[in-house]
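File shown here: model_12.txt, holding compact mmCIF, C-alpha atoms and all ligand atoms.
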# COMPACT_ATOMS: atom_id res chain seq x y z
CA MET W 709 0.00 0.00 0.00
CA SER W 710 2.89 2.35 -0.58
CA GLU W 711 2.30 3.40 -4.18
CA LYS W 712 3.30 6.92 -5.02
CA VAL W 713 0.43 9.38 -4.49
CA LEU W 714 -0.14 11.44 -7.64
CA TYR W 715 -3.16 13.44 -6.50
CA GLU W 716 -5.21 13.73 -3.34
CA GLY W 717 -8.78 14.97 -3.72
CA LYS W 718 -11.47 15.60 -1.13
CA SER W 719 -12.77 12.04 -1.08
CA LYS W 720 -10.29 10.00 -3.11
CA ILE W 721 -6.59 9.51 -3.70
CA ILE W 722 -5.03 8.67 -7.06
CA CYS W 723 -1.78 6.67 -6.94
CA GLU W 724 0.60 5.35 -9.53
CA GLY W 725 -0.85 2.21 -11.11
CA PRO W 726 0.70 -1.18 -11.84
CA ASP W 727 1.53 -0.05 -15.40
CA ALA W 728 1.82 3.09 -17.50
CA ASN W 729 -1.85 3.01 -18.56
CA SER W 730 -3.44 2.76 -15.13
CA TYR W 731 -3.86 4.42 -11.75
CA ILE W 732 -4.89 3.07 -8.38
CA MET W 733 -7.90 4.94 -6.99
CA ARG W 734 -8.49 4.85 -3.23
CA TYR W 735 -11.64 6.01 -1.46
CA LYS W 736 -11.21 8.06 1.72
CA ASP W 737 -13.59 8.39 4.66
CA THR W 738 -13.67 12.19 4.35
CA ALA W 739 -17.01 13.83 3.61
CA THR W 740 -17.12 17.43 2.41
CA ALA W 741 -19.86 19.84 1.42
CA PHE W 742 -20.13 23.44 0.25
CA ASN W 743 -16.85 23.28 -1.59
CA GLY W 744 -14.99 21.77 1.32
CA GLU W 745 -16.21 24.31 3.90
CA LYS W 746 -17.90 21.54 5.87
CA LYS W 747 -15.63 18.57 6.38
CA GLU W 748 -15.74 15.45 8.54
CA ASP W 749 -14.23 12.00 8.64
CA ILE W 750 -16.99 9.40 8.61
CA SER W 751 -15.46 6.04 9.40
CA GLY W 752 -16.58 3.43 6.87
CA LYS W 753 -17.78 5.86 4.15
CA GLY W 754 -14.87 4.99 1.85
CA LYS W 755 -15.64 1.28 1.95
CA LEU W 756 -19.35 1.83 1.33
CA ASN W 757 -18.80 4.21 -1.60
CA SER W 758 -16.21 1.88 -3.09
CA ALA W 759 -18.56 -1.13 -2.91
CA ILE W 760 -21.55 0.84 -4.24
CA SER W 761 -19.64 2.51 -7.07
CA ASN W 762 -17.96 -0.75 -8.13
CA LEU W 763 -21.34 -2.52 -8.39
CA ILE W 764 -22.78 0.37 -10.41
CA PHE W 765 -19.76 0.61 -12.75
CA GLU W 766 -19.87 -3.17 -13.32
CA TYR W 767 -23.59 -2.96 -14.10
CA LEU W 768 -23.00 -0.07 -16.54
CA ALA W 769 -20.10 -1.90 -18.22
CA LYS W 770 -22.33 -4.98 -18.71
CA ASN W 771 -24.78 -2.64 -20.41
CA GLY W 772 -22.33 -1.14 -22.88
CA ILE W 773 -20.95 1.90 -21.03
CA GLU W 774 -17.17 2.26 -21.19
CA THR W 775 -15.77 3.02 -17.74
CA HIS W 776 -12.34 3.46 -16.20
CA LEU W 777 -12.74 0.52 -13.79
CA ILE W 778 -10.25 -2.29 -14.52
CA LYS W 779 -9.94 -4.37 -11.34
CA ILE W 780 -11.02 -4.15 -7.72
CA ILE W 781 -8.04 -4.51 -5.37
CA ASP W 782 -9.56 -4.34 -1.90
CA ASP W 783 -12.33 -2.69 0.14
CA THR W 784 -11.30 0.83 -0.79
CA SER W 785 -9.10 0.58 -3.88
CA ALA W 786 -9.28 -0.35 -7.52
CA VAL W 787 -7.08 -0.22 -10.59
CA VAL W 788 -8.54 2.24 -13.10
CA LYS W 789 -7.59 3.30 -16.60
CA LYS W 790 -5.33 6.32 -16.73
CA ALA W 791 -7.52 9.11 -18.09
CA GLU W 792 -7.24 12.84 -18.45
CA ILE W 793 -10.30 14.15 -16.60
CA VAL W 794 -12.47 16.53 -18.62
CA MET W 795 -12.77 19.51 -16.29
CA VAL W 796 -16.57 19.62 -16.16
CA GLU W 797 -19.09 17.84 -13.95
CA VAL W 798 -22.06 16.49 -15.89
CA ILE W 799 -25.28 16.65 -13.89
CA VAL W 800 -28.49 14.85 -14.83
CA ARG W 801 -31.78 15.64 -13.07
CA ASN W 802 -35.07 13.72 -13.08
CA VAL W 803 -36.69 15.58 -10.18
CA ALA W 804 -36.05 19.11 -8.84
CA ALA W 805 -33.74 19.26 -5.82
CA GLY W 806 -30.63 20.96 -4.47
CA SER W 807 -29.15 23.82 -6.46
CA PHE W 808 -31.78 23.45 -9.23
CA SER W 809 -34.57 24.10 -6.71
CA LYS W 810 -32.69 27.01 -5.21
CA ARG W 811 -31.67 28.62 -8.50
CA PHE W 812 -35.05 28.33 -10.21
CA GLY W 813 -37.42 28.51 -7.23
CA VAL W 814 -38.88 25.06 -7.88
CA PRO W 815 -39.76 23.11 -4.71
CA GLU W 816 -37.69 19.99 -4.02
CA GLY W 817 -39.46 16.86 -5.19
CA THR W 818 -41.24 18.55 -8.13
CA ALA W 819 -41.31 16.17 -11.11
CA LEU W 820 -39.59 17.69 -14.17
CA LYS W 821 -41.41 17.63 -17.52
CA ASN W 822 -38.18 16.52 -19.14
CA ILE W 823 -34.83 15.26 -17.94
CA THR W 824 -32.25 18.06 -17.67
CA THR W 825 -28.51 17.97 -18.22
CA GLU W 826 -26.11 20.66 -17.12
CA PHE W 827 -22.38 21.18 -16.80
CA SER W 828 -20.31 22.75 -14.01
CA LEU W 829 -16.72 23.80 -14.36
CA LYS W 830 -14.56 21.65 -12.05
CA SER W 831 -12.90 24.37 -10.01
CA ASP W 832 -12.87 24.47 -6.21
CA GLU W 833 -11.45 27.97 -6.42
CA LEU W 834 -14.46 29.24 -8.37
CA GLY W 835 -17.04 27.06 -6.58
CA ASP W 836 -17.83 24.84 -9.60
CA PRO W 837 -19.86 27.42 -11.57
CA MET W 838 -22.46 26.28 -14.09
CA ILE W 839 -21.13 26.52 -17.66
CA ASN W 840 -22.87 26.11 -21.02
CA ASP W 841 -21.76 24.37 -24.22
CA SER W 842 -20.49 27.49 -25.99
CA GLN W 843 -18.58 28.57 -22.89
CA ILE W 844 -17.00 25.10 -22.58
CA THR W 845 -15.77 25.19 -26.18
CA ALA W 846 -14.79 28.89 -25.92
CA ILE W 847 -12.28 28.21 -23.15
CA ASP W 848 -11.18 24.90 -24.67
CA ILE W 849 -12.35 22.60 -21.88
CA ALA W 850 -13.89 20.15 -24.37
CA SER W 851 -14.89 20.02 -28.02
CA GLU W 852 -18.45 20.11 -29.32
CA ALA W 853 -18.21 16.40 -30.19
CA GLU W 854 -16.96 15.59 -26.69
CA ILE W 855 -19.78 17.59 -25.09
CA SER W 856 -22.34 15.83 -27.22
CA HIS W 857 -20.85 12.42 -26.38
CA MET W 858 -20.79 13.17 -22.63
CA ARG W 859 -24.40 14.35 -22.72
CA SER W 860 -25.65 11.31 -24.62
CA GLN W 861 -23.69 8.92 -22.40
CA ALA W 862 -25.08 10.68 -19.31
CA LEU W 863 -28.64 10.25 -20.58
CA LYS W 864 -28.03 6.58 -21.38
CA ILE W 865 -26.52 6.09 -17.92
CA ASN W 866 -29.58 7.79 -16.42
CA GLU W 867 -31.90 5.34 -18.21
CA LEU W 868 -29.86 2.35 -17.03
CA LEU W 869 -29.63 3.64 -13.46
CA CYS W 870 -33.31 4.57 -13.21
CA ALA W 871 -34.25 1.05 -14.35
CA LEU W 872 -31.92 -0.52 -11.79
CA PHE W 873 -32.82 1.74 -8.87
CA ILE W 874 -36.56 1.57 -9.29
CA LYS W 875 -36.32 -2.23 -8.88
CA MET W 876 -34.58 -1.47 -5.59
CA GLY W 877 -37.36 0.84 -4.40
CA ILE W 878 -35.16 3.91 -4.86
CA LYS W 879 -35.87 7.05 -6.89
CA LEU W 880 -32.86 8.50 -8.68
CA ILE W 881 -33.47 12.23 -8.24
CA ASP W 882 -30.23 13.53 -9.79
CA PHE W 883 -26.55 12.67 -10.08
CA LYS W 884 -23.15 13.95 -11.17
CA LEU W 885 -20.72 12.24 -13.54
CA GLU W 886 -17.15 12.86 -14.58
CA PHE W 887 -15.59 11.71 -17.82
CA GLY W 888 -11.99 11.34 -18.94
CA ARG W 889 -9.99 10.95 -22.13
CA ALA W 890 -8.23 7.61 -22.49
CA GLY W 891 -6.93 5.96 -25.65
CA GLY W 892 -8.66 8.47 -27.89
CA LYS W 893 -12.05 7.91 -26.27
CA ILE W 894 -14.16 9.59 -23.61
CA ILE W 895 -14.90 7.14 -20.80
CA LEU W 896 -16.83 7.31 -17.53
CA CYS W 897 -14.48 8.04 -14.59
CA ASP W 898 -14.64 9.00 -10.90
CA GLU W 899 -17.44 7.34 -8.91
CA ILE W 900 -21.20 6.93 -8.74
CA SER W 901 -22.21 6.74 -5.09
CA PRO W 902 -24.47 8.40 -2.52
CA ASP W 903 -21.84 11.19 -2.44
CA SER W 904 -22.60 12.04 -6.06
CA CYS W 905 -26.28 11.11 -6.43
CA ARG W 906 -29.55 11.93 -4.73
CA PHE W 907 -31.32 8.70 -3.82
CA TRP W 908 -34.77 8.84 -2.19
CA ASP W 909 -36.61 5.81 -0.86
CA ALA W 910 -39.49 5.31 -3.31
CA ALA W 911 -42.04 4.61 -0.57
CA THR W 912 -41.11 7.23 2.04
CA ASN W 913 -38.94 9.79 0.18
CA LYS W 914 -36.34 9.28 2.92
CA LYS W 915 -32.93 10.59 1.78
CA LEU W 916 -30.33 7.82 1.35
CA ASP W 917 -27.44 10.08 0.23
CA LYS W 918 -25.01 12.83 1.17
CA ASP W 919 -27.76 15.40 1.70
CA VAL W 920 -28.04 13.79 5.17
CA PHE W 921 -24.50 15.10 5.81
CA ARG W 922 -24.91 18.40 3.93
CA ARG W 923 -28.07 19.24 5.91
CA ASP W 924 -27.26 17.55 9.26
CA LEU W 925 -30.20 15.18 9.05
CA GLY W 926 -28.80 12.31 11.14
CA ASP W 927 -26.77 9.14 10.59
CA VAL W 928 -25.17 9.63 7.16
CA LEU W 929 -24.11 6.04 6.60
CA GLU W 930 -27.50 4.50 7.38
CA GLY W 931 -28.72 5.40 3.87
CA TYR W 932 -25.42 4.36 2.25
CA ARG W 933 -25.71 0.91 3.90
CA GLU W 934 -29.30 0.62 2.71
CA VAL W 935 -28.29 1.50 -0.88
CA LEU W 936 -25.51 -1.12 -0.81
CA LYS W 937 -27.78 -3.80 0.67
CA ARG W 938 -30.41 -3.25 -2.04
CA LEU W 939 -27.78 -3.07 -4.80
CA GLU W 940 -26.22 -6.36 -3.71
CA SER W 941 -29.48 -8.14 -4.36
CA ASN W 942 -30.36 -6.32 -7.60
CA ALA W 943 -27.27 -5.27 -9.58
P1 LIG T 1001 -26.72 20.17 -6.78
O1 LIG T 1001 -28.21 20.11 -6.75
O2 LIG T 1001 -26.12 20.62 -5.49
O3 LIG T 1001 -26.22 20.94 -7.96
O4 LIG T 1001 -26.21 18.67 -6.99
C1 LIG T 1001 -26.61 17.91 -8.09
C2 LIG T 1001 -26.05 16.50 -7.96
O5 LIG T 1001 -24.64 16.51 -8.06
C3 LIG T 1001 -26.38 15.82 -6.62
O6 LIG T 1001 -26.74 14.47 -6.89
C4 LIG T 1001 -25.10 15.86 -5.85
C5 LIG T 1001 -24.04 15.92 -6.91
N1 LIG T 1001 -22.91 16.76 -6.54
C6 LIG T 1001 -21.63 16.24 -6.54
O7 LIG T 1001 -21.44 15.06 -6.81
N2 LIG T 1001 -20.60 17.06 -6.24
C7 LIG T 1001 -20.76 18.36 -5.93
O8 LIG T 1001 -19.77 19.06 -5.65
C8 LIG T 1001 -22.08 18.91 -5.93
C9 LIG T 1001 -22.32 20.35 -5.60
C10 LIG T 1001 -23.12 18.07 -6.25
N1 LIG T 1002 -18.01 18.10 -3.57
C1 LIG T 1002 -18.58 19.12 -2.69
C2 LIG T 1002 -17.49 19.76 -1.86
O1 LIG T 1002 -16.69 20.35 -2.39
C3 LIG T 1002 -19.59 18.61 -1.81
C4 LIG T 1002 -20.94 18.30 -2.33
O2 LIG T 1002 -21.06 17.22 -2.87
O3 LIG T 1002 -21.87 19.07 -2.08
O4 LIG T 1002 -17.32 19.78 -0.70

Would you encode the structure as structure tokens?
Amino acid sequence: MSEKVLYEGKSKIICEGPDANSYIMRYKDTATAFNGEKKEDISGKGKLNSAISNLIFEYLAKNGIETHLIKIIDDTSAVVKKAEIVMVEVIVRNVAAGSFSKRFGVPEGTALKNITTEFSLKSDELGDPMINDSQITAIDIASEAEISHMRSQALKINELLCALFIKMGIKLIDFKLEFGRAGGKIILCDEISPDSCRFWDAATNKKLDKDVFRRDLGDVLEGYREVLKRLESNA
């Protein structure tokens, strides 16, 4: 466990991989919100997110989505393809919540007439501002073709995830994806976990995601454990 650390983020560490085309990605227990202003170590979060994200990435790969995941190493680490992260977050929303509700004055839980996609510039310094297609190409973050590919992949991923999660009695409210360039392609990177998605219990609307931490609503990991338990019997 002494690989050279290449990058340490808020919730993950990227280390040198076993070969020139891979990295080792390790999940940390740290939880942050509001651009790192709120920060806490939640023992066991790394393991839960790792298990949840691995099951989701394996499910997506089986269904034709190219991801960075190569091989799971242990409870918190995996070998992933070396990719150059595209510096935007891709957000898909099925139901109004979070910043969408705040920005547009639409109550949380309001069904949307159509699925929305949006991009945020990945910049802690600037607070991840929303950015549109022409702004992304103008500052050379990604090409038009790359934007279009990320958006269509995100919508396909949304369809696959909604189908999976509804079987588990969970509504997928919204989620955030990151993509990277590897071998001339754009592939799905980062993680898909309760840190990066809003999951509501379909029967009770109980929050099973990081909003419990962001809003101080109680035991954060209770929902994460519930998501993993249901995924293990459905993915
Ligand atoms: P938002 O409503 O706060 O914009 O969040 C939309 C989705 O993106 C939600 O599922 C949580 C996720 N998200 C991240 O993964 N990282 C972030 O830094 C933020 C702000 C949101
Ligand atoms: N990634 C955000 C942070 O910077 C947290 C969030 O997901 O709201 O702390």

Review point. Rounded to one decimal in Å, what is the spacing between atom CA of Pro815 of chain W and atom CA of Pro902 of chain W?
Key: 21.3 Å

Exercise for review: Find, counting only C-alpha atoms and all ligand atoms, the residue in W:Val814, W:Ile732, W:Val713, W:Ile847 that gets nearest to ligand LIG 1001 (chain T).
Suggested key: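 That would be W:Val814, the residue with the smallest distance to ligand LIG 1001 (chain T).
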
Sorted per-residue table, chain W near ligand LIG 1001 (chain T), closest atoms and distance, 6 Å, only C-alpha atoms and all ligand atoms, as a tab-separated table:
residue	atom	partner	partner_atom	distance
W:Ile799	CA	T:LIG1001	O5	5.9
W:Ala805	CA	T:LIG1001	O1	5.7
W:Gly806	CA	T:LIG1001	O1	3.4
W:Ser807	CA	T:LIG1001	O1	3.8
W:Phe808	CA	T:LIG1001	O1	5.5
W:Asp882	CA	T:LIG1001	O6	4.6
W:Phe883	CA	T:LIG1001	O6	3.7
W:Lys884	CA	T:LIG1001	O5	4.3
W:Asp903	CA	T:LIG1001	O7	5.9
W:Ser904	CA	T:LIG1001	O7	3.3
W:Cys905	CA	T:LIG1001	O6	3.4
W:Arg906	CA	T:LIG1001	O6	4.4

Check your understanding: Need the neighbours of (-4.5, 16.9, -19.0): which residues are at most 12 Å away, counting all atoms listed in the file, as a list in words?
Key ->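 Collected hits near the coordinates: Lys790, Ala791, Glu792, Ile793, Val794, Met795, Asp848, Ile849, Ala850, Gly888, Arg889 and Ala890 of chain W.
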
**Study point:** Nearest-residue call for Glu854 of chain W, choices W:Gly892, W:Gly877, W:Gly752, W:Gly813, using only C-alpha atoms
**Key:**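 Checking each of W:Gly892, W:Gly877, W:Gly752, W:Gly813 against Glu854 of chain W, counting only C-alpha atoms, the winner is W:Gly892.
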
Check your understanding: Do you know which residues are at most 8 Å from segment 766-770 of chain W counting all atoms listed in the file, after dropping those on the same chain fewer than 5 positions away, and could you put them as a list of chain:residue names?
Key ->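 Returned residues: W:Thr775, W:Ile865, W:Leu868, W:Ala943.
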
List as an mmCIF file with C-alpha atoms, in the frame of the given file the residues having at least one atom at most 10 Å from position (-20.2, 16.3, -23.1) as given in the file, counting all atoms listed in the file.
data_model
loop_
_atom_site.group_PDB
_atom_site.id
_atom_site.type_symbol
_atom_site.label_atom_id
_atom_site.label_comp_id
_atom_site.auth_asym_id
_atom_site.auth_seq_id
_atom_site.Cartn_x
_atom_site.Cartn_y
_atom_site.Cartn_z
ATOM 1 C CA VAL W 794 -12.470 16.530 -18.620
ATOM 2 C CA VAL W 796 -16.570 19.620 -16.160
ATOM 3 C CA GLU W 797 -19.090 17.840 -13.950
ATOM 4 C CA VAL W 798 -22.060 16.490 -15.890
ATOM 5 C CA THR W 825 -28.510 17.970 -18.220
ATOM 6 C CA GLU W 826 -26.110 20.660 -17.120
ATOM 7 C CA PHE W 827 -22.380 21.180 -16.800
ATOM 8 C CA ASP W 841 -21.760 24.370 -24.220
ATOM 9 C CA ILE W 844 -17.000 25.100 -22.580
ATOM 10 C CA ALA W 850 -13.890 20.150 -24.370
ATOM 11 C CA SER W 851 -14.890 20.020 -28.020
ATOM 12 C CA GLU W 852 -18.450 20.110 -29.320
ATOM 13 C CA ALA W 853 -18.210 16.400 -30.190
ATOM 14 C CA GLU W 854 -16.960 15.590 -26.690
ATOM 15 C CA ILE W 855 -19.780 17.590 -25.090
ATOM 16 C CA SER W 856 -22.340 15.830 -27.220
ATOM 17 C CA HIS W 857 -20.850 12.420 -26.380
ATOM 18 C CA MET W 858 -20.790 13.170 -22.630
ATOM 19 C CA ARG W 859 -24.400 14.350 -22.720
ATOM 20 C CA SER W 860 -25.650 11.310 -24.620
ATOM 21 C CA GLN W 861 -23.690 8.920 -22.400
ATOM 22 C CA ALA W 862 -25.080 10.680 -19.310
ATOM 23 C CA GLU W 886 -17.150 12.860 -14.580
ATOM 24 C CA PHE W 887 -15.590 11.710 -17.820
ATOM 25 C CA ILE W 894 -14.160 9.590 -23.610
#

Kindly assemble as CSV a list of the chain W residues that lie within 9 Å of ligand LIG 1002 (chain T), each paired with its nearest atom pair and their distance in Å to one decimal, using all atoms listed in the file, sorted first by chain and then by ascending residue number.
residue,atom,partner,partner_atom,distance
W:Lys718,CA,T:LIG1002,O1,7.2
W:Ser719,CA,T:LIG1002,N1,8.4
W:Ala739,CA,T:LIG1002,O4,7.4
W:Thr740,CA,T:LIG1002,O4,3.9
W:Ala741,CA,T:LIG1002,O4,3.3
W:Phe742,CA,T:LIG1002,O4,4.7
W:Asn743,CA,T:LIG1002,O1,3.0
W:Gly744,CA,T:LIG1002,O4,3.7
W:Glu745,CA,T:LIG1002,O4,6.6
W:Lys746,CA,T:LIG1002,O4,6.8
W:Lys747,CA,T:LIG1002,O4,7.4
W:Asp832,CA,T:LIG1002,O1,6.8
W:Gly835,CA,T:LIG1002,O1,7.9
W:Asp836,CA,T:LIG1002,O1,8.6
W:Asp903,CA,T:LIG1002,O2,6.1
W:Ser904,CA,T:LIG1002,O2,6.3
W:Cys905,CA,T:LIG1002,O2,8.8
W:Lys918,CA,T:LIG1002,O2,7.2
W:Asp919,CA,T:LIG1002,O3,7.9
W:Arg922,CA,T:LIG1002,O3,6.8

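Interatomic distance, atom CA of Glu899 of chain W against atom CA of Asp782 of chain W: 15.7 Å.
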
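Closest to Ile721 of chain W among W:Phe907, W:Tyr735, W:Phe873, W:Phe765 is W:Tyr735, based on all atoms listed in the file.
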
Point to revise | Counting only C-alpha atoms, the residue of W:Val920, W:Cys897, W:Ile874, W:Leu885 that sits nearest Ser828 of chain W | key: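 Looking at the shortest contact to Ser828 of chain W, the residue is W:Leu885.
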